[in-house]
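As provided, upload38.tsv (TSV, N, CA and C atoms) reads as follows.
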```tsv
chain	number	residue	atom	x	y	z
A	1	GLN	N	136.73	-23.26	103.23
A	1	GLN	CA	137.91	-23.29	102.39
A	1	GLN	C	139.16	-23.45	103.23
A	2	ALA	N	139.14	-22.94	104.46
A	2	ALA	CA	140.30	-23.09	105.31
A	2	ALA	C	140.53	-24.55	105.64
A	3	LEU	N	139.49	-25.35	105.56
A	3	LEU	CA	139.59	-26.77	105.86
A	3	LEU	C	140.44	-27.48	104.80
A	4	PHE	N	140.36	-27.03	103.57
A	4	PHE	CA	141.04	-27.72	102.48
A	4	PHE	C	142.43	-27.18	102.18
A	5	SER	N	142.86	-26.19	102.89
A	5	SER	CA	144.21	-25.66	102.64
A	5	SER	C	145.00	-25.61	103.93
A	6	ARG	N	146.31	-25.71	103.80
A	6	ARG	CA	147.19	-25.68	104.98
A	6	ARG	C	147.31	-24.24	105.46
A	7	GLN	N	147.63	-24.15	106.73
A	7	GLN	CA	147.74	-22.84	107.33
A	7	GLN	C	148.95	-22.08	106.79
A	8	LYS	N	150.14	-22.70	106.76
A	8	LYS	CA	151.36	-21.97	106.41
A	8	LYS	C	152.08	-22.60	105.22
A	9	GLY	N	151.35	-23.23	104.36
A	9	GLY	CA	151.94	-23.73	103.12
A	9	GLY	C	153.03	-24.77	103.29
A	10	ASN	N	152.82	-25.87	103.96
A	10	ASN	CA	153.81	-26.93	104.10
A	10	ASN	C	153.90	-27.77	102.84
A	11	SER	N	152.90	-27.78	102.03
A	11	SER	CA	152.89	-28.58	100.81
A	11	SER	C	153.33	-27.71	99.64
A	12	SER	N	153.77	-28.34	98.63
A	12	SER	CA	154.20	-27.57	97.48
A	12	SER	C	153.03	-26.95	96.75
A	13	HIS	N	151.92	-27.60	96.76
A	13	HIS	CA	150.74	-27.08	96.08
A	13	HIS	C	149.81	-26.33	97.05
A	14	GLY	N	150.02	-26.42	98.35
A	14	GLY	CA	149.19	-25.75	99.35
A	14	GLY	C	147.96	-26.54	99.74
A	15	ASN	N	147.81	-27.77	99.29
A	15	ASN	CA	146.66	-28.61	99.62
A	15	ASN	C	147.04	-29.60	100.71
A	16	LEU	N	146.06	-30.01	101.49
A	16	LEU	CA	146.28	-30.98	102.56
A	16	LEU	C	146.28	-32.39	102.01
A	17	PRO	N	147.02	-33.28	102.65
A	17	PRO	CA	146.93	-34.68	102.25
A	17	PRO	C	145.55	-35.23	102.59
A	18	PHE	N	145.14	-36.31	101.97
A	18	PHE	CA	143.80	-36.87	102.11
A	18	PHE	C	143.49	-37.23	103.56
A	19	SER	N	144.41	-37.81	104.31
A	19	SER	CA	144.16	-38.21	105.69
A	19	SER	C	143.92	-36.97	106.58
A	20	ASP	N	144.71	-35.92	106.34
A	20	ASP	CA	144.49	-34.69	107.11
A	20	ASP	C	143.13	-34.07	106.76
A	21	LEU	N	142.80	-34.15	105.50
A	21	LEU	CA	141.51	-33.64	105.05
A	21	LEU	C	140.37	-34.40	105.73
A	22	CYS	N	140.43	-35.71	105.77
A	22	CYS	CA	139.40	-36.54	106.41
A	22	CYS	C	139.35	-36.24	107.91
A	23	PHE	N	140.51	-36.09	108.55
A	23	PHE	CA	140.55	-35.79	109.97
A	23	PHE	C	139.87	-34.44	110.23
A	24	GLY	N	140.13	-33.46	109.40
A	24	GLY	CA	139.52	-32.13	109.54
A	24	GLY	C	138.01	-32.20	109.36
A	25	VAL	N	137.58	-32.97	108.37
A	25	VAL	CA	136.14	-33.11	108.12
A	25	VAL	C	135.47	-33.80	109.31
A	26	ILE	N	136.13	-34.87	109.82
A	26	ILE	CA	135.57	-35.59	110.97
A	26	ILE	C	135.50	-34.68	112.19
A	27	LYS	N	136.54	-33.88	112.37
A	27	LYS	CA	136.56	-32.95	113.49
A	27	LYS	C	135.42	-31.93	113.36
A	28	GLN	N	135.22	-31.38	112.17
A	28	GLN	CA	134.14	-30.44	111.92
A	28	GLN	C	132.77	-31.10	112.15
A	29	LEU	N	132.63	-32.33	111.67
A	29	LEU	CA	131.37	-33.07	111.87
A	29	LEU	C	131.12	-33.30	113.35
A	30	ASP	N	132.19	-33.60	114.10
A	30	ASP	CA	132.05	-33.80	115.55
A	30	ASP	C	131.58	-32.51	116.22
A	31	VAL	N	132.14	-31.38	115.81
A	31	VAL	CA	131.72	-30.09	116.38
A	31	VAL	C	130.26	-29.82	116.03
A	32	VAL	N	129.89	-30.08	114.79
A	32	VAL	CA	128.50	-29.88	114.37
A	32	VAL	C	127.59	-30.83	115.15
A	33	LYS	N	128.05	-32.08	115.33
A	33	LYS	CA	127.25	-33.06	116.07
A	33	LYS	C	127.04	-32.61	117.51
A	34	LYS	N	128.12	-32.15	118.16
A	34	LYS	CA	128.00	-31.68	119.54
A	34	LYS	C	127.10	-30.45	119.63
A	35	SER	N	127.27	-29.56	118.68
A	35	SER	CA	126.42	-28.36	118.66
A	35	SER	C	124.96	-28.74	118.45
A	36	SER	N	124.71	-29.63	117.52
A	36	SER	CA	123.35	-30.08	117.24
A	36	SER	C	122.75	-30.78	118.46
A	37	LYS	N	123.56	-31.62	119.10
A	37	LYS	CA	123.09	-32.34	120.29
A	37	LYS	C	122.74	-31.34	121.40
A	38	PHE	N	123.61	-30.32	121.59
A	38	PHE	CA	123.33	-29.30	122.59
A	38	PHE	C	122.04	-28.55	122.26
A	39	LEU	N	121.89	-28.15	121.01
A	39	LEU	CA	120.70	-27.42	120.59
A	39	LEU	C	119.44	-28.28	120.73
A	40	LEU	N	119.56	-29.55	120.39
A	40	LEU	CA	118.40	-30.44	120.54
A	40	LEU	C	118.02	-30.61	122.02
A	41	LYS	N	119.03	-30.71	122.90
A	41	LYS	CA	118.74	-30.80	124.34
A	41	LYS	C	118.05	-29.52	124.81
A	42	GLN	N	118.56	-28.37	124.37
A	42	GLN	CA	117.95	-27.10	124.73
A	42	GLN	C	116.50	-27.03	124.23
A	43	LEU	N	116.31	-27.47	122.99
A	43	LEU	CA	114.97	-27.47	122.41
A	43	LEU	C	114.05	-28.41	123.19
A	44	LEU	N	114.56	-29.56	123.56
A	44	LEU	CA	113.77	-30.52	124.34
A	44	LEU	C	113.41	-29.93	125.70
A	45	MET	N	114.37	-29.29	126.37
A	45	MET	CA	114.11	-28.68	127.66
A	45	MET	C	113.07	-27.56	127.52
A	46	GLU	N	113.25	-26.72	126.51
A	46	GLU	CA	112.32	-25.61	126.30
A	46	GLU	C	110.93	-26.13	125.95
A	47	THR	N	110.88	-27.18	125.14
A	47	THR	CA	109.59	-27.77	124.80
A	47	THR	C	108.92	-28.34	126.04
A	48	GLY	N	109.69	-28.99	126.89
A	48	GLY	CA	109.14	-29.54	128.13
A	48	GLY	C	108.62	-28.45	129.04
A	49	MET	N	109.39	-27.37	129.19
A	49	MET	CA	108.94	-26.26	130.04
A	49	MET	C	107.72	-25.59	129.43
A	50	SER	N	107.74	-25.45	128.10
A	50	SER	CA	106.60	-24.84	127.42
A	50	SER	C	105.35	-25.70	127.60
A	51	ASN	N	105.51	-27.00	127.48
A	51	ASN	CA	104.39	-27.91	127.67
A	51	ASN	C	103.87	-27.83	129.11
A	52	LYS	N	104.78	-27.73	130.07
A	52	LYS	CA	104.38	-27.62	131.48
A	52	LYS	C	103.60	-26.33	131.69
A	53	ARG	N	104.10	-25.23	131.12
A	53	ARG	CA	103.38	-23.96	131.24
A	53	ARG	C	102.01	-24.04	130.57
A	54	TYR	N	101.95	-24.71	129.44
A	54	TYR	CA	100.68	-24.88	128.73
A	54	TYR	C	99.69	-25.66	129.59
A	55	LEU	N	100.16	-26.75	130.18
A	55	LEU	CA	99.28	-27.57	131.03
A	55	LEU	C	98.83	-26.80	132.26
A	56	GLN	N	99.73	-26.01	132.84
A	56	GLN	CA	99.35	-25.18	133.98
A	56	GLN	C	98.30	-24.14	133.56
A	57	SER	N	98.49	-23.57	132.39
A	57	SER	CA	97.53	-22.60	131.89
A	57	SER	C	96.16	-23.24	131.67
A	58	ARG	N	96.16	-24.44	131.14
A	58	ARG	CA	94.90	-25.16	130.93
A	58	ARG	C	94.23	-25.47	132.26
A	59	ALA	N	95.04	-25.90	133.24
A	59	ALA	CA	94.48	-26.20	134.56
A	59	ALA	C	93.92	-24.92	135.19
A	60	ASN	N	94.65	-23.82	135.08
A	60	ASN	CA	94.16	-22.54	135.61
A	60	ASN	C	92.88	-22.11	134.90
A	61	GLN	N	92.83	-22.31	133.60
A	61	GLN	CA	91.65	-21.95	132.84
A	61	GLN	C	90.45	-22.79	133.30
A	62	ALA	N	90.67	-24.08	133.52
A	62	ALA	CA	89.59	-24.95	133.99
A	62	ALA	C	89.11	-24.51	135.38
A	63	LYS	N	90.06	-24.16	136.26
A	63	LYS	CA	89.69	-23.69	137.59
A	63	LYS	C	88.88	-22.41	137.50
A	64	MET	N	89.31	-21.50	136.62
A	64	MET	CA	88.60	-20.23	136.47
A	64	MET	C	87.19	-20.46	135.93
A	65	LYS	N	87.05	-21.39	134.97
A	65	LYS	CA	85.72	-21.70	134.45
A	65	LYS	C	84.83	-22.26	135.55
A	66	GLU	N	85.40	-23.14	136.38
A	66	GLU	CA	84.63	-23.69	137.50
A	66	GLU	C	84.23	-22.57	138.47
A	67	GLU	N	85.16	-21.66	138.74
A	67	GLU	CA	84.87	-20.55	139.65
A	67	GLU	C	83.79	-19.65	139.07
A	68	ILE	N	83.86	-19.38	137.78
A	68	ILE	CA	82.83	-18.56	137.13
A	68	ILE	C	81.47	-19.25	137.22
A	69	THR	N	81.45	-20.56	136.96
A	69	THR	CA	80.19	-21.30	137.05
A	69	THR	C	79.65	-21.26	138.47
A	70	ARG	N	80.54	-21.46	139.46
A	70	ARG	CA	80.13	-21.42	140.86
A	70	ARG	C	79.58	-20.04	141.23
A	71	LEU	N	80.26	-18.99	140.78
A	71	LEU	CA	79.81	-17.63	141.07
A	71	LEU	C	78.47	-17.32	140.41
A	72	LYS	N	78.30	-17.80	139.17
A	72	LYS	CA	77.02	-17.59	138.49
A	72	LYS	C	75.89	-18.30	139.25
A	73	GLN	N	76.16	-19.53	139.69
A	73	GLN	CA	75.15	-20.26	140.45
A	73	GLN	C	74.83	-19.56	141.76
A	74	MET	N	75.87	-19.09	142.45
A	74	MET	CA	75.67	-18.39	143.70
A	74	MET	C	74.87	-17.10	143.46
A	75	HIS	N	75.21	-16.39	142.40
A	75	HIS	CA	74.50	-15.16	142.06
A	75	HIS	C	73.03	-15.47	141.79
A	76	GLN	N	72.77	-16.52	141.02
A	76	GLN	CA	71.39	-16.88	140.70
A	76	GLN	C	70.63	-17.27	141.96
A	77	SER	N	71.28	-18.01	142.84
A	77	SER	CA	70.66	-18.41	144.11
A	77	SER	C	70.32	-17.18	144.95
A	78	GLN	N	71.27	-16.27	145.06
A	78	GLN	CA	71.03	-15.05	145.83
A	78	GLN	C	69.93	-14.21	145.20
A	79	LYS	N	69.89	-14.18	143.89
A	79	LYS	CA	68.86	-13.42	143.19
A	79	LYS	C	67.48	-14.01	143.50
A	80	LEU	N	67.39	-15.33	143.46
A	80	LEU	CA	66.12	-15.98	143.78
A	80	LEU	C	65.71	-15.72	145.23
A	81	GLN	N	66.69	-15.79	146.14
A	81	GLN	CA	66.41	-15.50	147.54
A	81	GLN	C	65.93	-14.06	147.70
A	82	TYR	N	66.59	-13.14	147.05
A	82	TYR	CA	66.21	-11.72	147.12
A	82	TYR	C	64.79	-11.54	146.59
A	83	GLU	N	64.50	-12.16	145.46
A	83	GLU	CA	63.16	-12.02	144.88
A	83	GLU	C	62.11	-12.61	145.82
A	84	GLN	N	62.42	-13.73	146.47
A	84	GLN	CA	61.48	-14.34	147.40
A	84	GLN	C	61.26	-13.45	148.62
A	85	VAL	N	62.35	-12.91	149.18
A	85	VAL	CA	62.24	-12.01	150.33
A	85	VAL	C	61.44	-10.77	149.93
A	86	HIS	N	61.73	-10.24	148.74
A	86	HIS	CA	61.03	-9.06	148.26
A	86	HIS	C	59.53	-9.34	148.13
A	87	ALA	N	59.18	-10.48	147.56
A	87	ALA	CA	57.76	-10.85	147.41
A	87	ALA	C	57.11	-11.03	148.78
A	88	ASP	N	57.81	-11.68	149.70
A	88	ASP	CA	57.27	-11.86	151.05
A	88	ASP	C	57.01	-10.52	151.73
A	89	LEU	N	57.97	-9.63	151.63
A	89	LEU	CA	57.81	-8.31	152.25
A	89	LEU	C	56.67	-7.52	151.60
A	90	ARG	N	56.57	-7.63	150.29
A	90	ARG	CA	55.48	-6.96	149.58
A	90	ARG	C	54.13	-7.50	150.07
A	91	ASN	N	54.03	-8.82	150.22
A	91	ASN	CA	52.79	-9.42	150.72
A	91	ASN	C	52.49	-8.97	152.16
A	92	LYS	N	53.52	-8.92	152.99
A	92	LYS	CA	53.32	-8.45	154.37
A	92	LYS	C	52.85	-7.00	154.39
A	93	LEU	N	53.45	-6.17	153.54
A	93	LEU	CA	53.06	-4.77	153.46
A	93	LEU	C	51.60	-4.65	153.04
A	94	GLN	N	51.21	-5.40	152.04
A	94	GLN	CA	49.83	-5.36	151.59
A	94	GLN	C	48.88	-5.82	152.69
A	95	ALA	N	49.27	-6.86	153.43
A	95	ALA	CA	48.44	-7.34	154.54
A	95	ALA	C	48.32	-6.27	155.61
A	96	ARG	N	49.43	-5.61	155.93
A	96	ARG	CA	49.40	-4.54	156.93
A	96	ARG	C	48.52	-3.39	156.46
A	97	GLU	N	48.65	-3.02	155.19
A	97	GLU	CA	47.83	-1.95	154.66
A	97	GLU	C	46.35	-2.31	154.72
A	98	ARG	N	46.00	-3.58	154.45
A	98	ARG	CA	44.60	-4.03	154.57
A	98	ARG	C	44.15	-3.92	156.03
A	99	ASP	N	45.03	-4.40	156.95
A	99	ASP	CA	44.70	-4.33	158.37
A	99	ASP	C	44.48	-2.88	158.81
A	100	ILE	N	45.37	-2.00	158.37
A	100	ILE	CA	45.25	-0.58	158.72
A	100	ILE	C	43.94	-0.02	158.18
A	101	GLY	N	43.61	-0.36	156.94
A	101	GLY	CA	42.36	0.11	156.34
A	101	GLY	C	41.16	-0.39	157.13
A	102	GLU	N	41.19	-1.68	157.51
A	102	GLU	CA	40.09	-2.24	158.30
A	102	GLU	C	40.00	-1.55	159.67
A	103	LEU	N	41.16	-1.34	160.30
A	103	LEU	CA	41.15	-0.67	161.61
A	103	LEU	C	40.67	0.77	161.50
A	104	GLN	N	41.04	1.46	160.43
A	104	GLN	CA	40.56	2.83	160.24
A	104	GLN	C	39.05	2.85	160.03
A	105	ALA	N	38.56	1.87	159.28
A	105	ALA	CA	37.10	1.79	159.07
A	105	ALA	C	36.39	1.50	160.39
A	106	THR	N	36.96	0.59	161.20
A	106	THR	CA	36.38	0.28	162.51
A	106	THR	C	36.44	1.51	163.41
A	107	LEU	N	37.56	2.20	163.40
A	107	LEU	CA	37.70	3.41	164.21
A	107	LEU	C	36.68	4.47	163.79
A	108	ALA	N	36.47	4.64	162.50
A	108	ALA	CA	35.49	5.61	162.00
A	108	ALA	C	34.09	5.23	162.48
A	109	LYS	N	33.76	3.94	162.44
A	109	LYS	CA	32.45	3.50	162.92
A	109	LYS	C	32.31	3.78	164.41
A	110	LYS	N	33.37	3.49	165.17
A	110	LYS	CA	33.32	3.72	166.62
A	110	LYS	C	33.18	5.21	166.93
A	111	GLU	N	33.93	6.03	166.19
A	111	GLU	CA	33.81	7.48	166.40
A	111	GLU	C	32.40	7.97	166.05
A	112	GLU	N	31.83	7.39	165.02
A	112	GLU	CA	30.46	7.74	164.63
A	112	GLU	C	29.47	7.34	165.73
A	113	GLN	N	29.69	6.13	166.29
A	113	GLN	CA	28.83	5.68	167.39
A	113	GLN	C	28.97	6.59	168.61
A	114	ILE	N	30.22	6.98	168.91
A	114	ILE	CA	30.46	7.88	170.05
A	114	ILE	C	29.77	9.22	169.81
A	115	GLU	N	29.87	9.73	168.60
A	115	GLU	CA	29.23	11.00	168.27
A	115	GLU	C	27.71	10.89	168.40
A	116	LYS	N	27.13	9.80	167.95
A	116	LYS	CA	25.69	9.60	168.08
A	116	LYS	C	25.31	9.51	169.56
A	117	TYR	N	26.11	8.82	170.33
A	117	TYR	CA	25.84	8.70	171.77
A	117	TYR	C	25.89	10.06	172.43
A	118	ARG	N	26.88	10.88	172.09
A	118	ARG	CA	26.98	12.23	172.65
A	118	ARG	C	25.74	13.05	172.29
A	119	GLN	N	25.36	12.96	171.03
A	119	GLN	CA	24.20	13.72	170.60
A	119	GLN	C	22.95	13.27	171.35
A	120	LEU	N	22.80	11.98	171.53
A	120	LEU	CA	21.66	11.48	172.28
A	120	LEU	C	21.74	11.89	173.74
A	121	HIS	N	22.91	11.79	174.28
A	121	HIS	CA	23.12	12.13	175.69
A	121	HIS	C	22.87	13.62	175.92
A	122	ASN	N	23.32	14.48	175.04
A	122	ASN	CA	23.13	15.92	175.17
A	122	ASN	C	21.66	16.30	175.04
A	123	LYS	N	20.92	15.61	174.22
A	123	LYS	CA	19.51	15.92	174.05
A	123	LYS	C	18.72	15.52	175.28
A	124	SER	N	19.15	14.45	175.93
A	124	SER	CA	18.37	13.95	177.08
A	124	SER	C	18.68	14.69	178.36
A	125	LEU	N	19.76	15.43	178.44
A	125	LEU	CA	20.12	16.17	179.66
A	125	LEU	C	19.38	17.49	179.72
A	126	PRO	N	18.87	17.84	180.95
A	126	PRO	CA	18.22	19.16	181.06
A	126	PRO	C	19.28	20.24	181.01
A	127	THR	N	18.96	21.34	180.46
A	127	THR	CA	19.90	22.44	180.36
A	127	THR	C	19.67	23.38	181.51
A	128	GLY	N	20.77	23.96	182.02
A	128	GLY	CA	20.72	24.89	183.14
A	128	GLY	C	20.40	26.28	182.65
A	129	PRO	N	20.50	27.30	183.60
A	129	PRO	CA	20.14	28.67	183.23
A	129	PRO	C	21.02	29.23	182.13
A	130	LEU	N	22.25	28.73	181.98
A	130	LEU	CA	23.13	29.27	180.93
A	130	LEU	C	23.08	28.43	179.67
A	131	GLY	N	22.27	27.46	179.64
A	131	GLY	CA	22.16	26.61	178.47
A	131	GLY	C	23.12	25.45	178.52
A	132	ASN	N	23.84	25.26	179.64
A	132	ASN	CA	24.76	24.14	179.78
A	132	ASN	C	24.07	23.02	180.54
A	133	PRO	N	24.42	21.82	180.26
A	133	PRO	CA	23.84	20.74	181.05
A	133	PRO	C	24.32	20.85	182.48
A	134	SER	N	23.44	20.56	183.45
A	134	SER	CA	23.81	20.71	184.84
A	134	SER	C	24.38	19.47	185.39
```
Please express what this file holds, its structure, as structure tokens.
Amino acid sequence: QALFSRQKGNSSHGNLPFSDLCFGVIKQLDVVKKSSKFLLKQLLMETGMSNKRYLQSRANQAKMKEEITRLKQMHQSQKLQYEQVHADLRNKLQARERDIGELQATLAKKEEQIEKYRQLHNKSLPTGPLGNPS
């Protein structure tokens, strides 16, 4: 409303002449145009920065997915290696236990043979006056 009336009443009716009115409207439109242009530039800049951040986020997300995939593959590889080492060690342990069992059986046979030899040897030796072999 201030646009359509004079500041200090220079006219008899208090209204502006048509040319002053048009000049005021043009001036207001120019201010609105400049304001709109500024806001649109700000919006464009913010949109550009937002888009850049979005693209960076997508790139980071892709890198993280690749890293997760790589880590999963590495984990699976290590798991397979661990299982293979575990199986190998288990097989070695079983082989050692078989060897130990065989050696214990051989040792028992040898001890039995030694005992039989002693018994045979003691029977064949003459005994002295105290009952000990001489």
Tell me, which residues of chain A carry DSSP alpha helix (DSSP H), written as JSON, numbers by chain?
-> {"A": [18, 19, 20, 21, 22, 23, 24, 25, 26, 27, 28, 29, 30, 31, 32, 33, 34, 35, 36, 37, 38, 39, 40, 41, 42, 43, 44, 45, 46, 47, 48, 49, 50, 51, 52, 53, 54, 55, 56, 57, 58, 59, 60, 61, 62, 63, 64, 65, 66, 67, 68, 69, 70, 71, 72, 73, 74, 75, 76, 77, 78, 79, 80, 81, 82, 83, 84, 85, 86, 87, 88, 89, 90, 91, 92, 93, 94, 95, 96, 97, 98, 99, 100, 101, 102, 103, 104, 105, 106, 107, 108, 109, 110, 111, 112, 113, 114, 115, 116, 117, 118, 119, 120, 121, 122, 123, 124]}
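In this structure, atom C of A:Leu55 sits 19.8 Å away from atom N of A:Leu43.
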Give me every strand (DSSP E or B) residue in chain A, going by DSSP on the backbone, as a PyMOL selection string.
-> chain A and resi 5+15+127+133
For the residues in the current selection, export N, CA and C atoms as an mmCIF file, keeping the file's coordinate frame.
```cif
data_model
loop_
_atom_site.group_PDB
_atom_site.id
_atom_site.type_symbol
_atom_site.label_atom_id
_atom_site.label_comp_id
_atom_site.auth_asym_id
_atom_site.auth_seq_id
_atom_site.Cartn_x
_atom_site.Cartn_y
_atom_site.Cartn_z
ATOM 1 N N SER A 5 142.860 -26.190 102.890
ATOM 2 C CA SER A 5 144.210 -25.660 102.640
ATOM 3 C C SER A 5 145.000 -25.610 103.930
ATOM 4 N N ASN A 15 147.810 -27.770 99.290
ATOM 5 C CA ASN A 15 146.660 -28.610 99.620
ATOM 6 C C ASN A 15 147.040 -29.600 100.710
ATOM 7 N N THR A 127 18.960 21.340 180.460
ATOM 8 C CA THR A 127 19.900 22.440 180.360
ATOM 9 C C THR A 127 19.670 23.380 181.510
ATOM 10 N N PRO A 133 24.420 21.820 180.260
ATOM 11 C CA PRO A 133 23.840 20.740 181.050
ATOM 12 C C PRO A 133 24.320 20.850 182.480
#
```
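Atom CA of A:Lys72 lies 19.9 Å from atom CA of A:Ala59.
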